[in-house]
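Asks: Before I ask anything, let me first share the structure, which is written out below as structure tokens.
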Amino acid sequence: MRIELDQDMCIGAGNCVLTAPDLFDQRDEDGVAFVLEENPSPEQEGSAKEAEALCPASAIRVLKK
Amino acid sequence: MSCLRNPRSQEVTKDVSAKKVVIVGAGPAGIAAADALRAAGHTGVILIFGEERHAPYDRPPLSKQILAGTWLPEKAQLRTSEQFAVADVTLHLSVRAASVDVEAHQVTLESGEQVAYDALIVATGVTARELPFGHQLEGVHVMRTLDDSQALRSELETSQHLAVIGAGFLGAEVAAVARSLGKEVTLIDPLELPMQNVVGDEVGSMIADLHRHHGVNLELGHGVSSIEDRSGRATGVTLDDGRTVHADAALVAVGARPAVEWLRSSSVPLTAPKDYGAGGVRCDASGRAADDVWAIGDVAAWWDPILERHVRVEHRMTANEHARSCAHDILELAPTATKTVPYFWSDQYDLKLRSFGLPSQQCSFQVVEGDLEGRRFVAAYTDESDRIVGTIGAGMFKAMNWWRQQILDGQTLDEALRIKQSAENPA
């Protein structure tokens, strides 16, 4: 599984950071999110998918490798 | 799969996951509802009806990247037709619903066609409010749809002076984009400051200064009494003090009203015009409005058990949260556990304003991190009992998330400041 995040589309809501703080963080100055761990472990897959579903900008894609 | 022999009979045990769901409205809320239903295991038919001809798209970029031309409209598209096919969601565009019969579980389309449902989701959003005059003139625009955004964008290819009537979020964002495109801009509002009823006086002043700094002509504290024209083409906006502001184009951004006309003949309840959720569909705390009818997104006034009133929130993220919550309710699953607070954002020039909760001008205001002068701050908005009900900030996202949690916890400002201080200076 691999996480992709389109920073151009990110609106800084921070849902991903609140849902999966071990996978995502956001820049302090503009809130744009970034991926901490592109290849989540099997235990992290659930929260990665939750972050994808919660993103209001559809900026996150969780892809099967 | 057990079949739905008679979906309306209460005696037959329904397979809830096979309900036929009809969604009226193909905006972000409607699309999110279809997603949430499938994600929660719904296997039945999902039909979405949308009145626009465009494939479903996101609205926040309309007054930002799409108007500025930094995004092509395709980038705001919410789902591809392949994605709808994979999810087995049937989308009908350029179709308007005319009425609903709650008893019969049936929606009637404007074509006269009747569509039966087991569950109906009302996601018709809002439409732009108009002035009582001027909208027939060339050069006068509103901004709600992709067509509106593209019409204003092509207008600004030839027009040089834009009058923006209404300095709310939409007006302020369009003013900023038009300045970045090199246009002369006049921003007009009867209130004394931009976005004043939401952000209050202090942040409103900061935003006014920002626009002034970027060369916007501010006409605040003024209503508009007419739009002037020559041969049907707008030439200026006359203010309530009799002065006329020259303009060859105008954007009317004076708010929006819930798109509920098609429901007026039905038993779906609407909130009274003077209620807080003015004119929206009156829902319980799960979005249920009537028997097997739910409403979500901008059109829906949900009961807020904490605030003890119906609240209609025109925020992009509320659409997603409503959609998830209502999908669980339709499928008779446990409510979604995630506690959330409303969120909005507004991009103006290089200012990226973010807000959690429901700040308003009526709240007490205190800057709790950073400072307004540097436009790097977090401000707390509190109610009469010192409880933090909202926060607005810029440039300090990690701090914003901490204050968001204080809103969720129902914390008083006094207590929050004490916790923060003891975290920063452990004894």
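Lettering and numbering for the structure tokens are positional, with chains as A, B, ... in the shown order, residues counted from 1 in each chain, and ligands counted from 1 in the shown order.
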Using only C-alpha atoms, find each residue in chain B having at least one atom no more than 8 Å away from chain A; report its shortest atom-to-atom pair and that distance in Å (one decimal), rows by chain then rising number, as a Markdown table.
Replies:
```
| residue | atom | partner | partner_atom | distance |
| --- | --- | --- | --- | --- |
| B:Leu78 | CA | A:Ser58 | CA | 7.7 |
| B:Arg316 | CA | A:Pro56 | CA | 7.2 |
| B:Met317 | CA | A:Pro56 | CA | 5.8 |
| B:Asn320 | CA | A:Pro56 | CA | 6.7 |
| B:Tyr343 | CA | A:Ala13 | CA | 7.1 |
| B:Phe344 | CA | A:Ala13 | CA | 7.9 |
| B:Trp345 | CA | A:Ile11 | CA | 7.5 |
| B:Lys352 | CA | A:Asp30 | CA | 6.4 |
| B:Ala394 | CA | A:Asp30 | CA | 7.4 |
| B:Gly395 | CA | A:Glu29 | CA | 4.0 |
| B:Met396 | CA | A:Asp28 | CA | 5.2 |
| B:Phe397 | CA | A:Asp28 | CA | 4.6 |
| B:Lys398 | CA | A:Asp28 | CA | 5.8 |
| B:Asn401 | CA | A:Gly14 | CA | 7.9 |
```
Asks: Could you dump the residues just selected with N, CA and C atoms as an mmCIF file, in the first residue's frame?
Replies:
```
data_model
loop_
_atom_site.group_PDB
_atom_site.id
_atom_site.type_symbol
_atom_site.label_atom_id
_atom_site.label_comp_id
_atom_site.auth_asym_id
_atom_site.auth_seq_id
_atom_site.Cartn_x
_atom_site.Cartn_y
_atom_site.Cartn_z
ATOM 1 N N LEU B 78 -14.946 16.203 -8.939
ATOM 2 C CA LEU B 78 -14.911 15.361 -7.732
ATOM 3 C C LEU B 78 -14.674 13.885 -8.047
ATOM 4 N N ARG B 316 -17.607 23.639 3.514
ATOM 5 C CA ARG B 316 -17.305 22.495 2.675
ATOM 6 C C ARG B 316 -17.164 21.206 3.481
ATOM 7 N N MET B 317 -16.559 21.293 4.655
ATOM 8 C CA MET B 317 -16.273 20.068 5.390
ATOM 9 C C MET B 317 -17.512 19.513 6.078
ATOM 10 N N ASN B 320 -19.127 16.743 4.063
ATOM 11 C CA ASN B 320 -18.562 15.401 4.245
ATOM 12 C C ASN B 320 -19.027 14.768 5.544
ATOM 13 N N TYR B 343 -15.298 23.607 10.156
ATOM 14 C CA TYR B 343 -14.008 24.143 9.710
ATOM 15 C C TYR B 343 -14.227 24.963 8.460
ATOM 16 N N PHE B 344 -13.621 26.122 8.366
ATOM 17 C CA PHE B 344 -13.595 26.816 7.079
ATOM 18 C C PHE B 344 -12.225 27.411 6.845
ATOM 19 N N TRP B 345 -11.980 27.711 5.589
ATOM 20 C CA TRP B 345 -10.729 28.371 5.249
ATOM 21 C C TRP B 345 -11.013 29.425 4.209
ATOM 22 N N LYS B 352 -3.676 32.911 4.527
ATOM 23 C CA LYS B 352 -4.480 31.693 4.549
ATOM 24 C C LYS B 352 -5.166 31.614 5.908
ATOM 25 N N ALA B 394 -4.020 32.128 11.482
ATOM 26 C CA ALA B 394 -3.248 32.074 10.240
ATOM 27 C C ALA B 394 -1.797 31.805 10.602
ATOM 28 N N GLY B 395 -1.149 31.015 9.782
ATOM 29 C CA GLY B 395 0.300 30.819 9.908
ATOM 30 C C GLY B 395 0.752 30.039 11.129
ATOM 31 N N MET B 396 -0.163 29.474 11.900
ATOM 32 C CA MET B 396 0.218 28.732 13.122
ATOM 33 C C MET B 396 -0.657 27.486 13.243
ATOM 34 N N PHE B 397 -0.389 26.535 12.378
ATOM 35 C CA PHE B 397 -1.300 25.407 12.281
ATOM 36 C C PHE B 397 -1.250 24.429 13.430
ATOM 37 N N LYS B 398 -0.059 24.238 13.961
ATOM 38 C CA LYS B 398 0.041 23.282 15.061
ATOM 39 C C LYS B 398 -0.701 23.820 16.285
ATOM 40 N N ASN B 401 -4.497 23.429 15.865
ATOM 41 C CA ASN B 401 -5.020 22.101 16.174
ATOM 42 C C ASN B 401 -5.207 21.909 17.679
#
```
Asks: Compile the contact shell of Leu36 in chain A as a ChimeraX atom specification: residues with an atom at most 8 Å away, counting only C-alpha atoms, same-chain residues fewer than 3 positions apart removed.
Replies: /A:22-25
Asks: When you look at Asp240 in chain B with a cut-off of 10 Å (counting only C-alpha atoms), what residues show up, excluding the ones that are within fewer than 6 positions of it in the same chain? I need them as a PyMOL selection string.
Replies: chain B and resi 190+221-226
Asks: Suppose we keep N, CA and C atoms; can you now write the selection as an mmCIF file, in the first residue's frame?
Replies:
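Saved to again37.cif:
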```
data_model
loop_
_atom_site.group_PDB
_atom_site.id
_atom_site.type_symbol
_atom_site.label_atom_id
_atom_site.label_comp_id
_atom_site.auth_asym_id
_atom_site.auth_seq_id
_atom_site.Cartn_x
_atom_site.Cartn_y
_atom_site.Cartn_z
ATOM 1 N N PRO B 190 -22.448 46.928 3.464
ATOM 2 C CA PRO B 190 -23.093 47.776 4.477
ATOM 3 C C PRO B 190 -22.435 47.671 5.853
ATOM 4 N N GLY B 221 -19.538 50.163 5.097
ATOM 5 C CA GLY B 221 -20.584 50.952 5.739
ATOM 6 C C GLY B 221 -21.551 51.554 4.726
ATOM 7 N N HIS B 222 -21.548 50.984 3.525
ATOM 8 C CA HIS B 222 -22.437 51.503 2.483
ATOM 9 C C HIS B 222 -23.237 50.396 1.816
ATOM 10 N N GLY B 223 -24.533 50.613 1.696
ATOM 11 C CA GLY B 223 -25.370 49.736 0.885
ATOM 12 C C GLY B 223 -25.306 50.189 -0.565
ATOM 13 N N VAL B 224 -25.941 49.429 -1.425
ATOM 14 C CA VAL B 224 -25.987 49.761 -2.850
ATOM 15 C C VAL B 224 -27.424 50.091 -3.196
ATOM 16 N N SER B 225 -27.656 51.231 -3.865
ATOM 17 C CA SER B 225 -29.039 51.582 -4.180
ATOM 18 C C SER B 225 -29.408 51.307 -5.626
ATOM 19 N N SER B 226 -28.418 51.279 -6.523
ATOM 20 C CA SER B 226 -28.737 50.880 -7.906
ATOM 21 C C SER B 226 -27.462 50.549 -8.665
#
```
Asks: Would you list the contacts of Gly46 in chain A as a PyMOL selection string, taking every protein, DNA or RNA residue within 12 Å and counting only C-alpha atoms, but skipping same-chain residues closer than 5 positions in sequence?
Replies: chain A and resi 1+19-20+23+40-41+51-53+62
Asks: Within 12 Å of Asp35 in chain B, counting only C-alpha atoms, which residues show up once you throw out same-chain ones fewer than 4 positions away? Write them as a PyMOL selection string, please.
Replies: (chain A and resi 52-54+58) or (chain B and resi 23+28-31+39-43+46+48+78-79+83-84+86-89+320-321+323-328)
Asks: Please indicate the distance in Å from CA of Gly200 in chain B to CA of Gly393 in chain B, rounded to one decimal place.
Replies: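 Straight-line distance from CA of Gly200 in chain B to CA of Gly393 in chain B works out to 12.8 Å.
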Asks: What is the CA of Val164 in chain B-CA of Glu74 in chain B distance in Å, reported with one decimal?
Replies: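 That distance, rounded to one decimal, is 26.4 Å.
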Asks: Just the residues within 7 Å of Leu63 in chain A, please, counting only C-alpha atoms, with nothing from its chain fewer than 2 positions along; format it as a list of chain:residue names.
Replies: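 What passes the distance filter is A:Met1, A:Arg2, A:Ile3, A:Arg61, A:Lys65.
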Asks: Find, counting only C-alpha atoms, the residue in A:Gln44, A:Glu50, A:Ile60, A:Asn39 that gets nearest to Cys10 in chain A.
Replies: A:Ile60
Asks: List every residue of range 4-65 of chain A that DSSP, applied to the backbone of this structure, assigns to strand (DSSP E or B), and report them as a ChimeraX atom specification.
Replies: /A:4-5,24-26,33-35,60-63
Asks: Please, which residues of chain A, numbered as in this document, come out helix (DSSP H, G or I) from DSSP, as an mmCIF file with N, CA and C atoms, in the first residue's frame?
Replies:
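Final output, saved to states28.cif:
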```
data_model
loop_
_atom_site.group_PDB
_atom_site.id
_atom_site.type_symbol
_atom_site.label_atom_id
_atom_site.label_comp_id
_atom_site.auth_asym_id
_atom_site.auth_seq_id
_atom_site.Cartn_x
_atom_site.Cartn_y
_atom_site.Cartn_z
ATOM 1 N N ASN A 15 -7.504 17.053 8.762
ATOM 2 C CA ASN A 15 -8.197 15.812 9.142
ATOM 3 C C ASN A 15 -7.259 14.617 9.139
ATOM 4 N N CYS A 16 -6.347 14.581 8.161
ATOM 5 C CA CYS A 16 -5.423 13.442 8.063
ATOM 6 C C CYS A 16 -4.493 13.408 9.268
ATOM 7 N N VAL A 17 -4.049 14.579 9.698
ATOM 8 C CA VAL A 17 -3.127 14.656 10.838
ATOM 9 C C VAL A 17 -3.828 14.213 12.122
ATOM 10 N N LEU A 18 -5.115 14.591 12.226
ATOM 11 C CA LEU A 18 -5.872 14.225 13.422
ATOM 12 C C LEU A 18 -6.239 12.737 13.402
ATOM 13 N N THR A 19 -6.427 12.175 12.211
ATOM 14 C CA THR A 19 -6.838 10.775 12.075
ATOM 15 C C THR A 19 -5.650 9.824 12.148
ATOM 16 N N PRO A 42 0.777 -2.845 7.693
ATOM 17 C CA PRO A 42 -0.589 -3.410 7.666
ATOM 18 C C PRO A 42 -1.472 -2.857 8.793
ATOM 19 N N GLU A 43 -0.885 -2.597 9.956
ATOM 20 C CA GLU A 43 -1.685 -2.071 11.071
ATOM 21 C C GLU A 43 -2.128 -0.626 10.802
ATOM 22 N N GLN A 44 -1.374 0.088 9.952
ATOM 23 C CA GLN A 44 -1.702 1.495 9.683
ATOM 24 C C GLN A 44 -2.665 1.665 8.514
ATOM 25 N N GLU A 45 -2.949 0.573 7.812
ATOM 26 C CA GLU A 45 -3.761 0.700 6.593
ATOM 27 C C GLU A 45 -5.158 1.254 6.873
ATOM 28 N N GLY A 46 -5.731 0.835 7.999
ATOM 29 C CA GLY A 46 -7.062 1.312 8.355
ATOM 30 C C GLY A 46 -7.095 2.820 8.529
ATOM 31 N N SER A 47 -6.135 3.350 9.269
ATOM 32 C CA SER A 47 -6.144 4.799 9.500
ATOM 33 C C SER A 47 -5.754 5.561 8.229
ATOM 34 N N ALA A 48 -4.933 4.953 7.375
ATOM 35 C CA ALA A 48 -4.601 5.594 6.093
ATOM 36 C C ALA A 48 -5.856 5.730 5.244
ATOM 37 N N LYS A 49 -6.662 4.685 5.200
ATOM 38 C CA LYS A 49 -7.906 4.719 4.403
ATOM 39 C C LYS A 49 -8.909 5.696 5.002
ATOM 40 N N GLU A 50 -8.925 5.773 6.322
ATOM 41 C CA GLU A 50 -9.805 6.724 7.012
ATOM 42 C C GLU A 50 -9.404 8.158 6.650
ATOM 43 N N ALA A 51 -8.095 8.410 6.637
ATOM 44 C CA ALA A 51 -7.608 9.749 6.265
ATOM 45 C C ALA A 51 -7.995 10.078 4.825
ATOM 46 N N GLU A 52 -7.894 9.100 3.948
ATOM 47 C CA GLU A 52 -8.293 9.299 2.550
ATOM 48 C C GLU A 52 -9.782 9.656 2.469
ATOM 49 N N ALA A 53 -10.604 8.925 3.212
ATOM 50 C CA ALA A 53 -12.053 9.145 3.160
ATOM 51 C C ALA A 53 -12.443 10.489 3.776
ATOM 52 N N LEU A 54 -11.698 10.927 4.792
ATOM 53 C CA LEU A 54 -12.064 12.159 5.499
ATOM 54 C C LEU A 54 -11.554 13.420 4.818
#
```
